[in-house]
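Engineer: Okay, here's the structure, questions in a sec.
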Amino acid sequence: MIYLDNAATSFPKPEETIEYVNTFIRSIGGNPGRSGHTLSIEAARTIFEAREKLTQFINGKDSERLIFTQNGTESLNLAILGLLQEKDHVITTSLEHNSVMRPLMFLKNEKGIEISVIHCTREGKLDIKQIKRSVKKNTKALVINHGSNVIGTTQPLGEIRQVINDIILIVDACQTIGAYPIDIEKDGIDILCFSCHKSLYGMQGLGAMYIRDGIELKPLKFGGTGSKSESIEHPDFLPDKYECGTPNTPGIASLLGGLAFIEKTGQKNIMQRKNELRTLIVQELSKFDNVILYGNHTGNTNVPVISLNIKNKLPSEVGYELNKKEIYVRVGLHCSPMAHKTIGTFPEGTVRISPGYFTKNEDICRFLEVMREIAKG
């Protein structure tokens, strides 16, 4: 079995991830904040420790502003639906995921917000001057992905911050966090949204977001928080304002394991390994006459995501042939139809290859061998 779908979720998980979640399920298991007994307190301590470490990981200043969610999609929905109001103007790009575009379109239809979409090149390059020209008096926010889940291109957040002045910068970091350095302060990020099951090596069903001081969002959910239980009014302090109901504490425990693995291994070493694999794949596939590679793969700024097609074959056909050989990739539109329109692969999409830290060189050699067979028909 060769797994090359790490952009969807990382697999296998590090031993640390498995150990942390196993310890929680076997030895703790309590519901945090809902009881006063030892197991409940230990569960709350697990969440507190993860909140502190993840905040430090992104150079946040206040761990109470680190909010746990169900996934990156919920984080982006909270940021977008909780911030934008009637007649607000928002800027985004043509490489965005549906987790950005669908809530924006909902608000356009329901509240009449204005949306400006900055067109990127087929290589994923963004004209920052065009962002500046798109700013209006009622521009409330810029929503942008840090790394494309289709072609792997990363965007220069620091440069973008300089041209938008005090406009709120919302960053989708689902593909980059853990795989690429992110610094809330240095990059000027106001709201950072991400999932925890990709390059943070946590379990599925967990996301998070960091909200800069001074920004208020309308909550998406209301209910029990374990705090202020004497009141039927929802708490207005963080993190309880945006977190209610029983949290995914096993998932948060797994995140602690993922962070422990990253700390032990070194983020630079993880990045270097992934870049080596990406470079190997691109170099070898570039030698195939009838393979089309999308995006720009020069340098080491891209995340390890490679989109390709074989001439005269549908992505689904290629994926089917790979799956028969137990090589697992993703095919289609990757929940990003605008990105595929940008690179010219709509509506069929592409075959997406995303190696991970645990991918072996012999896995890539086997993948290339099978791709050569498929390309020859």
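To be explicit about the labels: the chains of the structure tokens are called A, B, and onward in the order shown, and within each one the residues are counted from 1, while ligands get numbers from 1 in the order they are shown.
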Quick one: which range 47-104 of chain A residues come within 10 Å of range 220-243 of chain A, and what is the nearest atom pair for each with the distance in Å to one decimal, counting only C-alpha atoms, rows ordered by chain and ascending number, as a Markdown table?

Structural biologist:
```
| residue | atom | partner | partner_atom | distance |
| --- | --- | --- | --- | --- |
| A:Ser63 | CA | A:Pro239 | CA | 8.7 |
| A:Glu64 | CA | A:Pro239 | CA | 5.3 |
| A:Arg65 | CA | A:Pro239 | CA | 6.2 |
| A:Leu66 | CA | A:Pro239 | CA | 7.1 |
| A:Ile67 | CA | A:Pro239 | CA | 5.9 |
| A:Phe68 | CA | A:Glu243 | CA | 6.9 |
| A:Thr69 | CA | A:Glu243 | CA | 7.4 |
| A:Glu74 | CA | A:Leu220 | CA | 9.0 |
| A:Asn77 | CA | A:Leu220 | CA | 8.2 |
| A:Leu78 | CA | A:Leu220 | CA | 6.2 |
| A:Ala79 | CA | A:Leu220 | CA | 9.6 |
| A:Leu81 | CA | A:Leu220 | CA | 7.9 |
| A:Gly82 | CA | A:Leu220 | CA | 7.1 |
```

Engineer: Could you list, with a cut-off of 10 Å and counting only C-alpha atoms, the residues of range 146-240 of chain A near range 355-366 of chain A, each shown with its nearest atom pair and the distance in Å rounded to one decimal, rows sorted by chain and ascending number, as CSV?

Structural biologist:
```
residue,atom,partner,partner_atom,distance
A:Ala179,CA,A:Tyr357,CA,9.6
A:Lys198,CA,A:Gly356,CA,9.4
A:Ser199,CA,A:Gly356,CA,8.4
```

Engineer: Using C-alpha atoms, can you write the selected residues to a file as a short mmCIF file (atom, residue, chain, number, x, y, z; two decimals), in the first residue's frame?

Structural biologist:
```
data_model
loop_
_atom_site.label_atom_id
_atom_site.label_comp_id
_atom_site.auth_asym_id
_atom_site.auth_seq_id
_atom_site.Cartn_x
_atom_site.Cartn_y
_atom_site.Cartn_z
CA ALA A 179 4.54 21.92 7.00
CA LYS A 198 -2.87 17.10 8.09
CA SER A 199 0.67 18.33 8.80
#
```

Engineer: Do a neighbour search on Ala7 in chain A at 12 Å with only C-alpha atoms, toss out local chain neighbours closer than 6 positions, and write the hits as an mmCIF file with N, CA and C atoms, in the first residue's frame.

Structural biologist:
```
data_model
loop_
_atom_site.group_PDB
_atom_site.id
_atom_site.type_symbol
_atom_site.label_atom_id
_atom_site.label_comp_id
_atom_site.auth_asym_id
_atom_site.auth_seq_id
_atom_site.Cartn_x
_atom_site.Cartn_y
_atom_site.Cartn_z
ATOM 1 N N GLY A 147 -1.552 28.225 1.293
ATOM 2 C CA GLY A 147 -1.021 27.255 0.343
ATOM 3 C C GLY A 147 -2.155 26.570 -0.385
ATOM 4 N N SER A 148 -2.079 26.503 -1.710
ATOM 5 C CA SER A 148 -3.153 25.921 -2.507
ATOM 6 C C SER A 148 -3.222 24.415 -2.336
ATOM 7 N N ASN A 149 -4.433 23.903 -2.145
ATOM 8 C CA ASN A 149 -4.616 22.455 -2.032
ATOM 9 C C ASN A 149 -4.666 21.782 -3.408
ATOM 10 N N VAL A 150 -4.553 22.579 -4.480
ATOM 11 C CA VAL A 150 -4.580 22.031 -5.833
ATOM 12 C C VAL A 150 -3.192 22.018 -6.465
ATOM 13 N N ILE A 151 -2.458 23.135 -6.368
ATOM 14 C CA ILE A 151 -1.138 23.203 -7.009
ATOM 15 C C ILE A 151 -0.002 23.508 -6.030
ATOM 16 N N GLY A 152 -0.318 23.691 -4.750
ATOM 17 C CA GLY A 152 0.732 23.820 -3.742
ATOM 18 C C GLY A 152 1.371 25.188 -3.615
ATOM 19 N N ALA A 173 -4.965 28.232 6.456
ATOM 20 C CA ALA A 173 -3.648 27.587 6.540
ATOM 21 C C ALA A 173 -3.757 26.071 6.638
ATOM 22 N N CYS A 174 -4.840 25.498 6.120
ATOM 23 C CA CYS A 174 -5.045 24.053 6.237
ATOM 24 C C CYS A 174 -3.912 23.251 5.616
ATOM 25 N N GLN A 175 -3.347 23.744 4.491
ATOM 26 C CA GLN A 175 -2.292 22.997 3.821
ATOM 27 C C GLN A 175 -0.894 23.327 4.323
ATOM 28 N N THR A 176 -0.741 24.430 5.043
ATOM 29 C CA THR A 176 0.609 24.870 5.398
ATOM 30 C C THR A 176 0.983 24.660 6.857
ATOM 31 N N ILE A 177 0.039 24.784 7.769
ATOM 32 C CA ILE A 177 0.427 24.733 9.172
ATOM 33 C C ILE A 177 1.035 23.373 9.513
ATOM 34 N N ALA A 179 3.636 22.211 8.113
ATOM 35 C CA ALA A 179 4.542 21.917 7.005
ATOM 36 C C ALA A 179 5.334 23.142 6.579
ATOM 37 N N SER A 195 -7.022 23.137 9.900
ATOM 38 C CA SER A 195 -7.361 21.813 10.419
ATOM 39 C C SER A 195 -6.140 21.257 11.133
ATOM 40 N N CYS A 196 -6.353 20.222 11.938
ATOM 41 C CA CYS A 196 -5.261 19.666 12.745
ATOM 42 C C CYS A 196 -4.884 18.245 12.343
ATOM 43 N N HIS A 197 -5.483 17.713 11.277
ATOM 44 C CA HIS A 197 -5.270 16.313 10.923
ATOM 45 C C HIS A 197 -4.352 16.131 9.720
ATOM 46 N N LYS A 198 -3.762 17.208 9.243
ATOM 47 C CA LYS A 198 -2.871 17.101 8.085
ATOM 48 C C LYS A 198 -1.428 17.161 8.584
ATOM 49 N N SER A 199 -0.745 18.279 8.393
ATOM 50 C CA SER A 199 0.668 18.332 8.802
ATOM 51 C C SER A 199 0.874 18.627 10.281
ATOM 52 N N LEU A 200 -0.216 18.698 11.056
ATOM 53 C CA LEU A 200 -0.081 18.724 12.516
ATOM 54 C C LEU A 200 -0.231 17.318 13.099
ATOM 55 N N TYR A 201 -0.589 16.349 12.249
ATOM 56 C CA TYR A 201 -0.590 14.916 12.592
ATOM 57 C C TYR A 201 -1.588 14.534 13.665
ATOM 58 N N LYS A 274 9.823 16.511 2.859
ATOM 59 C CA LYS A 274 8.691 16.636 1.943
ATOM 60 C C LYS A 274 9.108 17.300 0.639
ATOM 61 N N VAL A 303 4.043 23.933 -0.913
ATOM 62 C CA VAL A 303 3.743 22.766 -0.095
ATOM 63 C C VAL A 303 3.746 21.547 -1.020
ATOM 64 N N PRO A 304 3.950 20.342 -0.484
ATOM 65 C CA PRO A 304 4.114 19.155 -1.336
ATOM 66 C C PRO A 304 2.800 18.656 -1.926
ATOM 67 N N VAL A 305 2.245 19.437 -2.834
ATOM 68 C CA VAL A 305 1.017 19.094 -3.537
ATOM 69 C C VAL A 305 1.288 19.215 -5.036
ATOM 70 N N ILE A 306 1.049 18.155 -5.785
ATOM 71 C CA ILE A 306 1.350 18.125 -7.221
ATOM 72 C C ILE A 306 0.095 17.687 -7.966
ATOM 73 N N SER A 307 -0.376 18.530 -8.883
ATOM 74 C CA SER A 307 -1.508 18.177 -9.725
ATOM 75 C C SER A 307 -1.022 17.848 -11.124
ATOM 76 N N TYR A 328 -2.674 5.152 -3.528
ATOM 77 C CA TYR A 328 -3.841 5.959 -3.202
ATOM 78 C C TYR A 328 -3.552 7.449 -3.375
ATOM 79 N N VAL A 329 -4.267 8.062 -4.325
ATOM 80 C CA VAL A 329 -4.148 9.486 -4.612
ATOM 81 C C VAL A 329 -5.559 10.071 -4.611
ATOM 82 N N ARG A 330 -5.658 11.370 -4.875
ATOM 83 C CA ARG A 330 -6.989 11.979 -4.993
ATOM 84 C C ARG A 330 -7.172 12.507 -6.411
ATOM 85 N N VAL A 331 -8.380 12.335 -6.944
ATOM 86 C CA VAL A 331 -8.673 12.818 -8.290
ATOM 87 C C VAL A 331 -9.921 13.696 -8.248
ATOM 88 N N HIS A 334 -11.183 18.467 -5.996
ATOM 89 C CA HIS A 334 -10.581 18.748 -4.691
ATOM 90 C C HIS A 334 -11.302 19.861 -3.932
ATOM 91 N N ARG A 352 -4.151 14.341 -8.053
ATOM 92 C CA ARG A 352 -3.342 15.064 -7.063
ATOM 93 C C ARG A 352 -2.469 14.100 -6.274
ATOM 94 N N ILE A 353 -1.176 14.402 -6.264
ATOM 95 C CA ILE A 353 -0.195 13.596 -5.532
ATOM 96 C C ILE A 353 0.312 14.431 -4.361
ATOM 97 N N SER A 354 0.228 13.884 -3.157
ATOM 98 C CA SER A 354 0.717 14.631 -1.990
ATOM 99 C C SER A 354 1.466 13.675 -1.049
ATOM 100 N N PRO A 355 2.787 13.587 -1.206
ATOM 101 C CA PRO A 355 3.582 12.733 -0.318
ATOM 102 C C PRO A 355 3.660 13.322 1.084
ATOM 103 N N GLY A 356 4.007 12.490 2.036
ATOM 104 C CA GLY A 356 4.149 12.933 3.412
ATOM 105 C C GLY A 356 5.524 12.597 3.963
ATOM 106 N N TYR A 357 5.753 12.975 5.203
ATOM 107 C CA TYR A 357 7.059 12.750 5.829
ATOM 108 C C TYR A 357 7.415 11.266 5.851
#
```

Engineer: Using only C-alpha atoms, can you tell me which of A:Pro315, A:Gly245, A:Tyr180, A:Asn275 comes closest to Asn31 in chain A?

Structural biologist: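 Between A:Pro315, A:Gly245, A:Tyr180, A:Asn275, the residue approaching Asn31 in chain A most closely is A:Gly245.
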
Engineer: For Phe194 in chain A, list every protein, DNA or RNA residue within 7 Å, evaluated using only C-alpha atoms, and leave out those in the same chain fewer than 4 positions away; present the list as a PDB file with N, CA and C atoms, in the first residue's frame.

Structural biologist:
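The result, stored in out-v9.pdb:
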```pdb
ATOM      1  N   GLY A  72     -11.170  22.618   9.764  1.00  0.00           N
ATOM      2  CA  GLY A  72     -10.815  23.880   9.140  1.00  0.00           C
ATOM      3  C   GLY A  72     -12.012  24.578   8.530  1.00  0.00           C
ATOM      4  N   SER A  75     -13.797  26.507  11.183  1.00  0.00           N
ATOM      5  CA  SER A  75     -13.003  27.692  11.521  1.00  0.00           C
ATOM      6  C   SER A  75     -13.248  28.803  10.510  1.00  0.00           C
ATOM      7  N   ASP A 172      -6.440  30.975   5.400  1.00  0.00           N
ATOM      8  CA  ASP A 172      -6.713  29.541   5.404  1.00  0.00           C
ATOM      9  C   ASP A 172      -5.361  28.829   5.339  1.00  0.00           C
ATOM     10  N   ALA A 173      -4.965  28.232   6.456  1.00  0.00           N
ATOM     11  CA  ALA A 173      -3.648  27.587   6.540  1.00  0.00           C
ATOM     12  C   ALA A 173      -3.757  26.071   6.638  1.00  0.00           C
ATOM     13  N   CYS A 174      -4.840  25.498   6.120  1.00  0.00           N
ATOM     14  CA  CYS A 174      -5.045  24.053   6.237  1.00  0.00           C
ATOM     15  C   CYS A 174      -3.912  23.251   5.616  1.00  0.00           C
ATOM     16  N   GLY A 207     -10.226  21.009  14.312  1.00  0.00           N
ATOM     17  CA  GLY A 207      -9.652  22.196  13.689  1.00  0.00           C
ATOM     18  C   GLY A 207      -9.388  23.235  14.760  1.00  0.00           C
ATOM     19  N   ALA A 208      -8.875  24.374  14.340  1.00  0.00           N
ATOM     20  CA  ALA A 208      -8.608  25.447  15.296  1.00  0.00           C
ATOM     21  C   ALA A 208      -8.524  26.771  14.555  1.00  0.00           C
ATOM     22  N   MET A 209      -8.561  27.846  15.305  1.00  0.00           N
ATOM     23  CA  MET A 209      -8.372  29.176  14.743  1.00  0.00           C
ATOM     24  C   MET A 209      -7.805  30.091  15.816  1.00  0.00           C
TER      25      MET A 209
END
```

Engineer: Show me, as a list in words, the residues that have an atom within 12 Å of Gly60 in chain A when counting only C-alpha atoms, minus same-chain residues fewer than 4 positions from it.

Structural biologist: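 In the requested form, the answer reads Arg51, Glu52, Lys53, Leu54, Thr55, Gln56, Glu64, Arg65, Leu66, Ile67, Ile182, Asp183, Ile184, Glu185, Lys186, Asp187, Gly188, Ile189, Asp190, Ile191, Leu192, Met209, Tyr210, Ile211, Arg212 and Asp213 of chain A.
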
Engineer: Please determine, counting only C-alpha atoms, which residue among A:Lys129, A:Arg161, A:Lys341, A:Lys87 has the shortest atom-to-atom distance to Asn109 in chain A.

Structural biologist: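 Smallest separation from Asn109 in chain A among the options: A:Lys87.
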
Engineer: With only C-alpha atoms counted and 7 Å as the cut-off, give the residues of range 26-128 of chain A in contact with range 282-302 of chain A, each with its shortest interatomic distance in Å and the pair that gives it, as a tab-separated table.

Structural biologist:
```
residue	atom	partner	partner_atom	distance
A:Arg122	CA	A:Gly295	CA	6.3
A:Glu123	CA	A:Gly295	CA	4.0
A:Gly124	CA	A:Gly295	CA	6.2
```

Engineer: Pick the closest to Asn138 in chain A from A:Leu76, A:Val100, A:Cys120, A:Ile91: which is it, counting only C-alpha atoms?

Structural biologist: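 Among A:Leu76, A:Val100, A:Cys120, A:Ile91, it is A:Ile91 that comes nearest to Asn138 in chain A.
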
Engineer: How would you write, as a PyMOL selection string, the set of residues in range 85-161 of chain A that DSSP gives as strand (DSSP E or B)?

Structural biologist: chain A and resi 89-93+114-118+139-145+147+154

Engineer: Quick one, how far is CA of Gly257 in chain A from CA of Lys61 in chain A?

Structural biologist: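 Distance reported for this atom pair: 22.2 Å.
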
Engineer: Write out as a ChimeraX atom specification each polymer residue whose atoms come within 10 Å of Gln85 in chain A, counting only C-alpha atoms; drop sequence neighbours fewer than 6 positions from it.

Structural biologist: /A:107-108,111-113,140

Engineer: Can you write just those residues out, N, CA and C atoms, as a PDB file, in the first residue's frame?

Structural biologist:
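The result, stored in again_22.pdb:
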```pdb
ATOM      1  N   LEU A 107     -23.378  34.618   2.024  1.00  0.00           N
ATOM      2  CA  LEU A 107     -23.536  35.988   2.511  1.00  0.00           C
ATOM      3  C   LEU A 107     -23.877  36.948   1.377  1.00  0.00           C
ATOM      4  N   LYS A 108     -23.358  36.690   0.196  1.00  0.00           N
ATOM      5  CA  LYS A 108     -23.709  37.531  -0.952  1.00  0.00           C
ATOM      6  C   LYS A 108     -25.201  37.433  -1.243  1.00  0.00           C
ATOM      7  N   LYS A 111     -27.115  38.545   2.474  1.00  0.00           N
ATOM      8  CA  LYS A 111     -26.892  39.862   3.075  1.00  0.00           C
ATOM      9  C   LYS A 111     -26.363  40.902   2.088  1.00  0.00           C
ATOM     10  N   GLY A 112     -26.152  40.496   0.856  1.00  0.00           N
ATOM     11  CA  GLY A 112     -25.727  41.459  -0.145  1.00  0.00           C
ATOM     12  C   GLY A 112     -24.298  41.939  -0.006  1.00  0.00           C
ATOM     13  N   ILE A 113     -23.406  41.103   0.559  1.00  0.00           N
ATOM     14  CA  ILE A 113     -22.017  41.544   0.632  1.00  0.00           C
ATOM     15  C   ILE A 113     -21.421  41.573  -0.779  1.00  0.00           C
ATOM     16  N   LYS A 140     -13.917  45.037   4.245  1.00  0.00           N
ATOM     17  CA  LYS A 140     -13.799  44.577   5.632  1.00  0.00           C
ATOM     18  C   LYS A 140     -12.665  43.579   5.809  1.00  0.00           C
TER      19      LYS A 140
END
```

Engineer: Run DSSP on the backbone of this structure and report the residues of range 162-273 of chain A it assigns to alpha helix (DSSP H), as a ChimeraX atom specification.

Structural biologist: /A:162-164,184-187,249-265,267-273

Engineer: Looking at only C-alpha atoms, which of A:Gly377, A:Ile168, A:Pro250, A:Gly332 is the one that sits closest to Ile18 in chain A?

Structural biologist: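 Of A:Gly377, A:Ile168, A:Pro250, A:Gly332, the one nearest Ile18 in chain A is A:Pro250, counting only C-alpha atoms.
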
Engineer: Let me make sure I understand: among A:Ala253, A:Leu126, A:Ala260, A:Ile28, which one has the smallest atom-to-atom distance to Pro156 in chain A if we use only C-alpha atoms?

Structural biologist: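 Closest candidate: A:Leu126.
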
Engineer: Compare A:Arg45, A:Lys125, A:Arg372, A:His119 by their minimum atom-to-atom distance to Thr342 in chain A, counting only C-alpha atoms, and give me the closest one.

Structural biologist: A:His119

Engineer: For CA of Gln130 in chain A and CA of Pro347 in chain A, quote the distance in Å rounded to one decimal.

Structural biologist: 26.9 Å

Engineer: What is the CA of Lys376 in chain A to CA of Leu314 in chain A distance in Å?

Structural biologist: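 Interatomic distance here is 14.2 Å.
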